[in-house]
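Listing of work-v3.tsv, TSV, C-alpha atoms
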chain	number	residue	atom	x	y	z
O	1	MET	CA	55.65	102.19	90.44
O	2	GLN	CA	58.88	101.42	88.58
O	3	ILE	CA	59.03	105.04	87.39
O	4	ALA	CA	58.59	106.26	90.98
O	5	SER	CA	61.33	103.93	92.20
O	6	VAL	CA	63.79	104.95	89.53
O	7	SER	CA	63.15	108.70	89.64
O	8	GLY	CA	62.59	109.19	93.35
O	9	PHE	CA	62.72	106.41	95.92
O	10	SER	CA	66.04	104.95	94.75
O	11	LEU	CA	67.65	108.40	94.94
O	12	LEU	CA	66.42	109.04	98.49
O	13	LEU	CA	67.43	105.56	99.61
O	14	GLY	CA	70.91	106.02	98.18
O	15	MET	CA	71.40	109.50	99.65
O	16	SER	CA	70.26	108.44	103.11
O	17	SER	CA	73.02	105.79	103.07
O	18	ALA	CA	75.44	108.62	103.80
O	19	LEU	CA	74.27	108.36	107.41
O	20	GLU	CA	75.74	104.86	107.59
O	21	THR	CA	79.10	106.60	107.42
O	22	LEU	CA	78.37	109.77	109.37
O	23	CYS	CA	76.00	108.50	112.08
O	24	GLY	CA	77.77	105.16	112.48
O	25	GLN	CA	81.17	106.72	113.01
O	26	ALA	CA	79.74	109.43	115.29
O	27	TYR	CA	78.10	106.77	117.46
O	28	GLY	CA	81.31	104.76	117.62
O	29	ALA	CA	83.17	107.90	118.70
O	30	GLU	CA	80.55	108.47	121.42
O	31	GLN	CA	79.40	111.69	119.76
O	32	TYR	CA	75.82	110.83	120.63
O	33	GLN	CA	74.23	114.25	120.20
O	34	LYS	CA	75.83	114.51	116.77
O	35	LEU	CA	73.95	111.39	115.74
O	36	GLY	CA	70.62	113.11	116.36
O	37	ILE	CA	71.72	116.34	114.66
O	38	LEU	CA	72.96	114.47	111.58
O	39	THR	CA	69.60	112.70	111.33
O	40	GLN	CA	67.81	116.06	111.38
O	41	THR	CA	70.22	117.38	108.75
O	42	ALA	CA	69.53	114.41	106.51
O	43	ILE	CA	65.75	114.77	106.84
O	44	PHE	CA	65.92	118.48	105.97
O	45	SER	CA	68.29	117.86	103.04
O	46	LEU	CA	66.20	115.03	101.58
O	47	ILE	CA	63.01	117.09	101.83
O	48	LEU	CA	64.79	119.75	99.76
O	49	VAL	CA	65.71	117.08	97.20
O	50	CYS	CA	62.04	116.03	97.06
O	51	ILE	CA	60.97	119.44	95.75
O	52	PRO	CA	62.50	119.16	92.24
O	53	ILE	CA	61.56	115.47	92.10
O	54	SER	CA	57.94	116.32	92.92
O	55	ILE	CA	57.85	118.90	90.12
O	56	ILE	CA	59.00	116.20	87.68
O	57	TRP	CA	56.39	113.81	89.07
O	58	ILE	CA	53.60	116.38	88.59
O	59	PHE	CA	54.36	116.54	84.86
O	60	MET	CA	55.37	112.87	84.51
O	61	GLY	CA	52.36	111.98	82.34
O	62	LYS	CA	53.27	114.66	79.79
O	63	VAL	CA	56.94	113.70	79.94
O	64	LEU	CA	56.13	110.08	79.10
O	65	VAL	CA	53.96	111.12	76.15
O	66	SER	CA	56.69	113.43	74.87
O	67	ILE	CA	59.21	110.55	74.72
O	68	GLY	CA	56.84	108.41	72.69
O	69	GLN	CA	55.03	106.32	75.30
O	70	ASP	CA	51.40	105.26	74.86
O	71	PRO	CA	49.16	108.23	75.87
O	72	ILE	CA	46.66	106.06	77.80
O	73	ILE	CA	49.40	104.28	79.77
O	74	SER	CA	51.22	107.58	80.29
O	75	TYR	CA	48.09	109.20	81.71
O	76	ALA	CA	47.54	106.29	84.11
O	77	ALA	CA	51.19	106.35	85.21
O	78	GLY	CA	51.11	110.11	85.66
O	79	LYS	CA	47.96	109.91	87.77
O	80	PHE	CA	49.40	107.11	89.93
O	81	ILE	CA	52.68	108.91	90.56
O	82	LEU	CA	50.88	112.17	91.36
O	83	TRP	CA	48.94	110.48	94.16
O	84	LEU	CA	52.22	108.96	95.36
O	85	LEU	CA	53.73	112.38	96.15
O	86	PRO	CA	53.04	112.23	99.93
O	87	ALA	CA	54.92	108.91	100.02
O	88	LEU	CA	57.95	110.64	98.49
O	89	PHE	CA	58.19	113.13	101.34
O	90	GLY	CA	57.43	110.40	103.87
O	91	HIS	CA	60.30	108.38	102.41
O	92	ALA	CA	62.60	111.37	102.89
O	93	ILE	CA	61.89	111.23	106.63
O	94	LEU	CA	61.67	107.46	106.98
O	95	GLN	CA	65.06	106.56	105.54
O	96	PRO	CA	67.10	108.81	107.90
O	97	LEU	CA	65.06	107.52	110.85
O	98	ILE	CA	65.89	103.95	109.86
O	99	ARG	CA	69.61	104.81	109.73
O	100	TYR	CA	69.31	106.58	113.10
O	101	PHE	CA	68.17	103.35	114.77
O	102	GLN	CA	70.35	101.06	112.65
O	103	MET	CA	73.60	102.82	113.55
O	104	GLN	CA	72.83	102.34	117.24
O	105	SER	CA	71.98	98.66	116.69
O	106	LEU	CA	68.44	99.38	117.89
O	107	ILE	CA	66.75	96.72	115.80
O	108	LYS	CA	63.63	96.12	117.91
O	109	PRO	CA	61.99	99.52	117.16
O	110	MET	CA	62.45	98.96	113.41
O	111	LEU	CA	61.04	95.43	113.67
O	112	ILE	CA	58.01	96.56	115.68
O	113	SER	CA	57.42	99.48	113.33
O	114	SER	CA	57.62	97.26	110.25
O	115	CYS	CA	55.20	94.73	111.74
O	116	ILE	CA	52.69	97.43	112.68
O	117	THR	CA	52.96	98.97	109.22
O	118	LEU	CA	52.51	95.61	107.48
O	119	CYS	CA	49.47	94.68	109.58
O	120	PHE	CA	47.99	98.10	108.82
O	121	HIS	CA	48.90	98.12	105.11
O	122	ILE	CA	47.30	94.82	104.08
O	123	PRO	CA	43.68	95.66	105.05
O	124	VAL	CA	43.99	99.32	104.01
O	125	CYS	CA	45.40	98.37	100.61
O	126	TRP	CA	42.65	95.78	100.10
O	127	VAL	CA	39.91	98.29	100.95
O	128	LEU	CA	41.32	101.14	98.86
O	129	VAL	CA	42.09	98.99	95.81
O	130	PHE	CA	39.14	96.58	95.67
O	131	LYS	CA	36.33	98.10	97.73
O	132	SER	CA	36.62	101.83	97.14
O	133	GLY	CA	36.82	101.59	93.35
O	134	LEU	CA	40.01	103.66	93.32
O	135	GLU	CA	42.09	100.78	91.92
O	136	ASN	CA	45.62	102.08	91.07
O	137	VAL	CA	45.02	105.36	92.86
O	138	GLY	CA	43.94	103.35	95.90
O	139	ALA	CA	47.24	101.45	95.79
O	140	ALA	CA	49.14	104.75	95.73
O	141	LEU	CA	47.13	106.09	98.68
O	142	ALA	CA	47.70	102.86	100.63
O	143	MET	CA	51.46	103.21	100.12
O	144	CYS	CA	51.36	106.84	101.25
O	145	ILE	CA	49.41	106.02	104.40
O	146	SER	CA	51.63	103.04	105.28
O	147	ILE	CA	54.87	104.96	104.84
O	148	TRP	CA	53.60	107.73	107.09
O	149	VAL	CA	52.44	105.19	109.68
O	150	ASN	CA	55.99	103.84	109.69
O	151	VAL	CA	57.37	107.37	110.06
O	152	ILE	CA	55.03	108.15	112.97
O	153	VAL	CA	55.81	104.92	114.85
O	154	LEU	CA	59.59	105.38	114.49
O	155	GLY	CA	59.26	109.07	115.37
O	156	LEU	CA	57.40	108.17	118.58
O	157	PHE	CA	60.11	105.64	119.46
O	158	MET	CA	62.75	108.28	118.88
O	159	LYS	CA	60.94	110.85	121.03
O	160	TYR	CA	59.86	108.71	123.96
O	161	SER	CA	62.16	105.66	124.13
O	162	SER	CA	64.75	105.76	126.90
O	163	ALA	CA	67.19	104.02	124.52
O	164	CYS	CA	67.34	107.26	122.53
O	165	ASP	CA	67.97	109.59	125.48
O	166	GLU	CA	71.66	110.11	124.67
O	167	THR	CA	71.24	110.52	120.91
O	168	ARG	CA	68.02	112.57	120.90
O	169	ALA	CA	68.88	116.16	119.98
O	170	PRO	CA	66.63	119.23	120.13
O	171	ILE	CA	65.93	120.89	116.80
O	172	SER	CA	68.26	123.86	116.41
O	173	MET	CA	70.14	125.88	113.81
O	174	GLU	CA	73.00	123.42	114.18
O	175	LEU	CA	71.29	121.05	111.75
O	176	PHE	CA	72.14	123.49	108.92
O	177	HIS	CA	75.88	123.30	109.67
O	178	GLY	CA	76.21	119.73	108.44
O	179	ILE	CA	74.37	120.06	105.11
O	180	GLY	CA	77.58	120.35	103.08
O	181	GLU	CA	79.13	117.34	104.80
O	182	PHE	CA	75.95	115.31	104.31
O	183	PHE	CA	75.82	115.99	100.57
O	184	ARG	CA	79.54	115.21	100.27
O	185	PHE	CA	78.73	111.62	101.24
O	186	ALA	CA	75.12	111.51	100.00
O	187	ILE	CA	75.84	112.20	96.33
O	188	PRO	CA	78.34	109.33	95.83
O	189	SER	CA	76.11	107.11	98.01
O	190	ALA	CA	73.17	107.82	95.72
O	191	ALA	CA	75.30	107.27	92.62
O	192	MET	CA	76.55	103.96	93.99
O	193	ALA	CA	73.02	102.69	94.67
O	194	CYS	CA	71.23	104.15	91.66
O	195	LEU	CA	73.75	103.12	89.01
O	196	GLU	CA	73.20	99.48	89.92
O	197	TRP	CA	69.44	99.80	90.45
O	198	TRP	CA	68.93	101.54	87.10
O	199	THR	CA	70.91	98.86	85.27
O	200	PHE	CA	68.33	96.18	86.00
O	201	GLU	CA	65.49	98.52	85.10
O	202	LEU	CA	67.25	99.29	81.80
O	203	VAL	CA	67.49	95.57	81.05
O	204	ILE	CA	63.71	95.24	81.49
O	205	LEU	CA	63.23	98.13	79.05
O	206	LEU	CA	65.62	96.53	76.54
O	207	SER	CA	63.71	93.26	76.77
O	208	GLY	CA	60.70	95.10	75.36
O	209	LEU	CA	62.62	95.56	72.09
O	210	LEU	CA	63.17	91.82	71.60
O	211	PRO	CA	61.02	89.51	69.46
O	212	ASN	CA	58.03	88.34	71.52
O	213	PRO	CA	58.55	91.21	73.99
O	214	GLN	CA	55.64	90.17	76.21
O	215	LEU	CA	57.30	86.82	77.01
O	216	GLU	CA	60.79	88.28	77.40
O	217	THR	CA	59.63	91.11	79.65
O	218	SER	CA	57.50	88.77	81.76
O	219	VAL	CA	60.36	86.31	82.32
O	220	LEU	CA	62.96	88.96	83.15
O	221	SER	CA	60.46	90.67	85.46
O	222	VAL	CA	59.94	87.34	87.27
O	223	CYS	CA	63.71	86.90	87.59
O	224	LEU	CA	64.15	90.45	88.86
O	225	ALA	CA	61.26	90.13	91.33
O	226	THR	CA	62.75	86.86	92.65
O	227	LEU	CA	66.15	88.46	93.01
O	228	ASN	CA	64.74	91.56	94.75
O	229	THR	CA	62.80	89.39	97.21
O	230	LEU	CA	65.81	87.24	98.11
O	231	TYR	CA	68.08	90.30	98.21
O	232	ALA	CA	66.52	91.25	101.54
O	233	ILE	CA	68.67	88.54	103.19
O	234	PRO	CA	72.15	89.75	102.12
O	235	PHE	CA	70.98	93.36	102.40
O	236	GLY	CA	70.53	92.69	106.12
O	237	PHE	CA	74.11	91.40	106.30
O	238	GLY	CA	75.25	94.52	104.45
O	239	ALA	CA	73.44	96.77	106.91
O	240	ALA	CA	74.94	94.86	109.84
O	241	VAL	CA	78.51	95.08	108.58
O	242	SER	CA	78.04	98.75	107.70
O	243	THR	CA	76.97	99.40	111.29
O	244	ARG	CA	79.81	97.39	112.83
O	245	VAL	CA	82.52	98.81	110.56
O	246	SER	CA	81.43	102.43	110.99
O	247	ASN	CA	81.06	102.04	114.77
O	248	GLU	CA	84.49	100.45	115.15
O	249	LEU	CA	86.22	102.97	112.90
O	250	GLY	CA	84.56	105.83	114.78
O	251	ALA	CA	85.77	104.28	118.03
O	252	GLY	CA	89.31	104.09	116.63
O	253	LYS	CA	89.41	100.27	116.45
O	254	PRO	CA	90.53	99.34	112.93
O	255	GLN	CA	91.36	95.74	113.84
O	256	ALA	CA	87.84	95.17	115.15
O	257	ALA	CA	86.42	96.61	111.92
O	258	GLN	CA	88.57	94.21	109.92
O	259	ILE	CA	87.38	91.24	111.97
O	260	ALA	CA	83.76	92.29	111.36
O	261	VAL	CA	84.48	92.17	107.63
O	262	TYR	CA	85.92	88.64	107.85
O	263	VAL	CA	82.96	87.40	109.92
O	264	VAL	CA	80.28	88.79	107.62
O	265	MET	CA	82.03	87.50	104.49
O	266	PHE	CA	81.99	84.00	105.98
O	267	LEU	CA	78.31	84.30	106.92
O	268	VAL	CA	77.25	85.61	103.53
O	269	VAL	CA	79.03	82.76	101.73
O	270	VAL	CA	77.16	80.26	103.91
O	271	GLN	CA	73.75	81.85	103.34
O	272	THR	CA	74.42	82.25	99.62
O	273	THR	CA	75.18	78.55	99.32
O	274	ILE	CA	72.00	77.57	101.18
O	275	VAL	CA	69.62	79.97	99.39
O	276	SER	CA	71.08	79.40	95.91
O	277	SER	CA	70.84	75.62	96.38
O	278	ALA	CA	67.21	75.91	97.49
O	279	LEU	CA	66.41	78.18	94.55
O	280	PHE	CA	68.04	75.81	92.07
O	281	ALA	CA	66.25	72.81	93.55
O	282	SER	CA	62.89	74.57	93.10
O	283	ARG	CA	63.70	75.92	89.63
O	284	ARG	CA	60.85	74.00	87.97
O	285	VAL	CA	58.14	75.36	90.27
O	286	PHE	CA	59.04	78.81	91.63
O	287	GLY	CA	57.95	80.46	88.37
O	288	TYR	CA	54.35	79.53	89.23
O	289	ILE	CA	54.48	82.03	92.10
O	290	PHE	CA	54.37	84.78	89.48
O	291	SER	CA	52.60	83.24	86.48
O	292	ASN	CA	50.35	80.36	85.49
O	293	GLU	CA	51.47	80.40	81.84
O	294	LYS	CA	53.51	77.30	81.06
O	295	GLU	CA	55.59	79.13	78.46
O	296	VAL	CA	56.70	81.69	81.05
O	297	VAL	CA	57.38	79.03	83.72
O	298	ASP	CA	59.42	76.90	81.30
O	299	TYR	CA	61.48	79.93	80.28
O	300	VAL	CA	62.04	80.77	83.96
O	301	THR	CA	63.22	77.19	84.54
O	302	THR	CA	65.74	77.57	81.72
O	303	ILE	CA	67.12	80.86	83.04
O	304	SER	CA	66.97	79.91	86.75
O	305	PRO	CA	70.67	78.81	86.97
O	306	LEU	CA	71.57	82.35	85.95
O	307	VAL	CA	69.24	83.69	88.65
O	308	CYS	CA	71.10	81.54	91.21
O	309	LEU	CA	74.37	83.01	89.99
O	310	SER	CA	72.83	86.47	90.14
O	311	PHE	CA	71.88	85.92	93.78
O	312	ALA	CA	75.43	84.88	94.61
O	313	MET	CA	76.79	88.03	92.98
O	314	SER	CA	74.14	90.20	94.64
O	315	SER	CA	74.90	88.73	98.06
O	316	LEU	CA	78.61	89.50	97.79
O	317	GLU	CA	77.82	92.96	96.40
O	318	ALA	CA	75.43	93.74	99.27
O	319	VAL	CA	78.11	93.00	101.86
O	320	LEU	CA	80.93	94.74	99.98
O	321	SER	CA	78.73	97.80	99.47
O	322	GLY	CA	77.90	97.78	103.18
O	323	ILE	CA	81.63	97.80	103.96
O	324	ALA	CA	82.08	100.73	101.57
O	325	ARG	CA	79.29	102.72	103.24
O	326	GLY	CA	80.60	101.99	106.73
O	327	SER	CA	84.14	102.96	105.75
O	328	GLY	CA	83.13	106.09	103.85
O	329	TRP	CA	84.54	105.30	100.40
O	330	GLN	CA	81.23	105.43	98.53
O	331	HIS	CA	82.86	107.57	95.84
O	332	ILE	CA	85.04	104.62	94.88
O	333	GLY	CA	81.98	102.37	94.87
O	334	ALA	CA	80.21	104.80	92.52
O	335	TYR	CA	83.09	104.67	90.02
O	336	VAL	CA	83.18	100.87	90.32
O	337	ASN	CA	79.44	100.56	89.56
O	338	LEU	CA	79.69	103.03	86.69
O	339	GLY	CA	82.50	101.07	85.07
O	340	ALA	CA	81.17	97.60	85.85
O	341	PHE	CA	77.65	98.09	84.55
O	342	TYR	CA	77.91	100.83	81.94
O	343	VAL	CA	81.30	99.99	80.43
O	344	PHE	CA	80.95	96.20	80.67
O	345	GLY	CA	77.45	95.03	81.71
O	346	ILE	CA	75.05	96.96	79.47
O	347	PRO	CA	77.18	96.82	76.27
O	348	VAL	CA	77.75	93.07	76.71
O	349	ALA	CA	74.03	92.57	77.42
O	350	ALA	CA	73.06	94.47	74.27
O	351	PHE	CA	75.58	92.52	72.17
O	352	LEU	CA	74.48	89.12	73.47
O	353	GLY	CA	70.78	89.91	73.45
O	354	PHE	CA	70.55	91.62	70.06
O	355	GLY	CA	73.83	90.91	68.25
O	356	LEU	CA	74.04	87.18	68.97
O	357	LYS	CA	70.24	86.92	69.24
O	358	LEU	CA	70.33	85.23	72.64
O	359	ARG	CA	67.33	87.36	73.62
O	360	GLY	CA	66.50	87.61	77.34
O	361	VAL	CA	69.16	85.10	78.33
O	362	GLY	CA	71.78	87.25	76.62
O	363	LEU	CA	70.57	90.38	78.40
O	364	TRP	CA	70.71	88.64	81.78
O	365	VAL	CA	74.17	87.16	81.09
O	366	GLY	CA	75.43	90.63	80.16
O	367	VAL	CA	74.20	92.10	83.43
O	368	GLN	CA	75.93	89.27	85.31
O	369	VAL	CA	79.17	90.10	83.53
O	370	GLY	CA	78.78	93.59	84.97
O	371	ALA	CA	77.94	92.18	88.40
O	372	PHE	CA	81.03	89.95	88.32
O	373	VAL	CA	83.25	92.92	87.42
O	374	GLN	CA	81.59	94.93	90.19
O	375	VAL	CA	82.20	92.25	92.84
O	376	LEU	CA	85.76	91.69	91.64
O	377	LEU	CA	86.63	95.40	91.82
O	378	LEU	CA	84.93	95.92	95.18
O	379	SER	CA	86.77	92.86	96.54
O	380	ILE	CA	90.10	94.25	95.37
O	381	VAL	CA	89.38	97.64	96.92
O	382	THR	CA	88.26	96.05	100.20
O	383	GLY	CA	91.33	93.81	100.27
O	384	CYS	CA	93.61	96.83	99.79
O	385	VAL	CA	91.99	99.00	102.48
O	386	ASN	CA	94.35	100.44	105.08
O	387	TRP	CA	92.11	100.08	108.13
O	388	GLU	CA	94.25	102.25	110.37
O	389	LYS	CA	94.03	105.05	107.84
O	390	GLN	CA	90.27	104.56	107.61
O	391	ALA	CA	90.05	104.82	111.40
O	392	ARG	CA	92.05	108.06	111.35
O	393	ASN	CA	89.78	109.45	108.64
O	394	ALA	CA	86.73	108.49	110.67
O	395	ARG	CA	88.08	110.21	113.77
O	396	GLU	CA	88.71	113.35	111.74
O	397	ILE	CA	85.14	113.31	110.42
O	398	VAL	CA	83.69	113.13	113.93
O	399	GLY	CA	86.13	115.71	115.28
O	400	LYS	CA	88.48	113.44	117.23
O	401	GLY	CA	91.40	113.50	114.88
O	402	ASN	CA	94.01	113.77	117.64
O	403	CYS	CA	92.77	110.75	119.60
O	404	SER	CA	94.76	107.53	119.57
O	405	ILE	CA	93.91	104.54	117.42
O	406	ASP	CA	93.45	101.23	119.20
O	407	ASN	CA	95.18	98.45	117.24
O	408	GLY	CA	93.78	95.74	119.52
O	409	THR	CA	90.98	93.51	118.37
O	410	MET	CA	88.43	94.64	120.92

As structure tokens, how would this structure be written, given the file I've shared?
Amino acid sequence: MQIASVSGFSLLLGMSSALETLCGQAYGAEQYQKLGILTQTAIFSLILVCIPISIIWIFMGKVLVSIGQDPIISYAAGKFILWLLPALFGHAILQPLIRYFQMQSLIKPMLISSCITLCFHIPVCWVLVFKSGLENVGAALAMCISIWVNVIVLGLFMKYSSACDETRAPISMELFHGIGEFFRFAIPSAAMACLEWWTFELVILLSGLLPNPQLETSVLSVCLATLNTLYAIPFGFGAAVSTRVSNELGAGKPQAAQIAVYVVMFLVVVQTTIVSSALFASRRVFGYIFSNEKEVVDYVTTISPLVCLSFAMSSLEAVLSGIARGSGWQHIGAYVNLGAFYVFGIPVAAFLGFGLKLRGVGLWVGVQVGAFVQVLLLSIVTGCVNWEKQARNAREIVGKGNCSIDNGTM
């Protein structure tokens, strides 16, 4: 599953984030039909991207063997990822649909769709994994079915809901006109998301080279799983501020966009304080959620203060990245992530983990050095943003470059 995430799902997720700029600003500028057309363009473009990815996935088992991985594990991974191919194409449709609703602040359809999918996924996954005898293949099939259920539910909302009447656009040749513009934002959006995502996966791989790799990999996997689970909270704040900022900039209201930034920064600091405190207070027990081995749990307890710090950094990053996506300066975010993690984070992690023999703790500290540099640079960029200029840029993107900019707050 990690291979599928790194080589496919993370890329599609990152590229679809381009719609947080394009669709959000179009909606703010009351270019409602353009919102629907851009969604169609994104779906078509991401399906095209899936074609080369699927070819790689088909031969993934052989690729893993060729780079020295265990043949038995490589065969199992290749078989799993092959059965996951329908989920890849479903993901290419699902992510633009999510942005379509998100940029209109239509949260209820996404909530209902997620609940339906979850209620469907649990029994289907249980049957396919444990009762059918398919095991890992059953898990892949369950994921495919659930993703397509989500796609179908959101697609039905889009087609029949009265809330989508203004933004629903008929399929036409016009969807091809925006492909170049979509990729202009999608490529840096993908780079921004993937460079950070891949850093944590690389740390897990590096932990396998340490003494007692089973313990180190288990502990860092627990830390990463904890962080990914909690990340859903600030990610929601990031999505909210991306929507508000892009809508306000598209509407020509830079001051309102700036106020949205201030509000969400205050909220994320509050939630970070609460969640980090709760995590630290439960540091001696939360490891048991993932493992019953005392050695693993004790190690998790030792490294848990760093996990709390990681959550604080991740929370700030989620919001700052959301501001970047809403404003349309993902290319700057991509350079920031490249420098923060691959010039600072990974080299420091390797030096601490292997050079100073701090093992997994050293690897995690190194990544946090990169995260700190990332947050610092994104904060500086955000603090230096000329919001009136961003509003003018947004109006040019949506084709209203000659319209006035409202300097009032609302």

Inset, instruction - Fewer than 6 positions away in the same chain doesn't count, so skip those; otherwise give me all residues within 10 Å of range 33-38 of chain O, counting all atoms listed in the file, as a ChimeraX atom specification. - result: /O:19,22-27,44,96-97,99-101,103-104,158,164-179,181-182,398

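For Ser17 in chain O, the residues within 8 Å (counting only C-alpha atoms, excluding itself and residues fewer than 2 positions away along the chain) are Leu13, Gly14, Met15, Leu19, Glu20, Thr21, Arg99, Ala186, Ser189, Ala190 and Arg325 of chain O.
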
Could you pull the residues within 12 Å of Ile116 in chain O, counting only C-alpha atoms, minus those fewer than 6 positions along the same chain, as a PDB file with C-alpha atoms, in the frame of the given file?
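Saved file part.pdb follows:
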ATOM      1  CA  PRO O 109      61.990  99.520 117.160  1.00  0.00           C
ATOM      2  CA  MET O 110      62.450  98.960 113.410  1.00  0.00           C
ATOM      3  CA  ILE O 122      47.300  94.820 104.080  1.00  0.00           C
ATOM      4  CA  PRO O 123      43.680  95.660 105.050  1.00  0.00           C
ATOM      5  CA  SER O 146      51.630 103.040 105.280  1.00  0.00           C
ATOM      6  CA  ILE O 147      54.870 104.960 104.840  1.00  0.00           C
ATOM      7  CA  TRP O 148      53.600 107.730 107.090  1.00  0.00           C
ATOM      8  CA  VAL O 149      52.440 105.190 109.680  1.00  0.00           C
ATOM      9  CA  ASN O 150      55.990 103.840 109.690  1.00  0.00           C
ATOM     10  CA  VAL O 151      57.370 107.370 110.060  1.00  0.00           C
ATOM     11  CA  ILE O 152      55.030 108.150 112.970  1.00  0.00           C
ATOM     12  CA  VAL O 153      55.810 104.920 114.850  1.00  0.00           C
ATOM     13  CA  LEU O 154      59.590 105.380 114.490  1.00  0.00           C
TER      14      LEU O 154
END

Legend entry - range 377-391 of chain O surroundings by all atoms listed in the file, 6 Å radius, close-in-sequence under 2 positions cut, as a list in words: Leu249, Gly252, Pro254, Gln374, Val375, Asn393 and Ala394 of chain O

Inset, instruction - List every protein, DNA or RNA residue that has an atom no more than 9 Å from (49.9, 111.3, 97.0) in the file's coordinate frame, counting all atoms listed in the file, and report them as a PyMOL selection string. - result: chain O and resi 80-88+137+140-141+143-144

Inset, instruction - Could you tell me how far CA of Ile323 in chain O lies from CA of Val241 in chain O, in Å and to one decimal? - result: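 So the two atoms, CA of Ile323 in chain O and CA of Val241 in chain O, lie 6.2 Å apart.
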
Legend entry - Distance query range 266-281 of chain O at most 8 Å, all atoms listed in the file, self and fewer than 4 positions along chain excluded, as an NGL selection string: :O and (234 or 237 or 262 or 286 or 304-305 or 308-309 or 311-312 or 315-316 or 319)

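Of the listed residues O:Ala29, O:Ala260, O:Ala318, O:Ile233, the one whose atoms come nearest to Ala193 in chain O is O:Ala318, with distances taken using all atoms listed in the file.
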
Inset, instruction - Tell me which of O:Val263, O:Leu376, O:Val129, O:Leu11 sits closest to Met313 in chain O, counting all atoms listed in the file. - result: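 Looking at the shortest contact to Met313 in chain O, the residue is O:Leu376.
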
Inset, instruction - Grab the CA of Leu215 in chain O to CA of Tyr299 in chain O distance for me, in Å with one decimal place. - result: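 According to the coordinates, CA of Leu215 in chain O and CA of Tyr299 in chain O are separated by 8.7 Å.
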
Inset, instruction - Kindly give the distance, in Å, that separates CA of Phe290 in chain O and CA of Cys223 in chain O, rounded to a single decimal. - result: 9.8 Å

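Using only C-alpha atoms, the nearest neighbour of Lys62 in chain O within the list O:Gly155, O:Gly208, O:Gly78, O:Gly328 is O:Gly78.
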
Legend entry - From O:Phe354, O:Trp126, O:Phe185, O:Trp364, residue lying nearest Val300 in chain O [only C-alpha atoms]: O:Trp364

Report, as lines of an AutoDock Vina configuration file, the centre and edge lengths in Å (one decimal) of the axis-aligned box enclosing every listed atom of range 185-204 of chain O, padded by 5 Å on each side.
center_x = 71.2
center_y = 103.7
center_z = 91.1
size_x = 25.0
size_y = 27.0
size_z = 30.2

Legend entry - O:Gly322, O:Gly370, O:Gly362, O:Gly287 ranked by distance to Val343 in chain O, top pick (using only C-alpha atoms):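 Looking only at the distances to Val343 in chain O, the closest residue turns out to be O:Gly370.
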
Inset, instruction - Compare O:Asn212, O:Ser74, O:Ser218, O:Asn228 by their minimum atom-to-atom distance to Ile3 in chain O, counting all atoms listed in the file, and give me the closest one. - result: O:Ser74
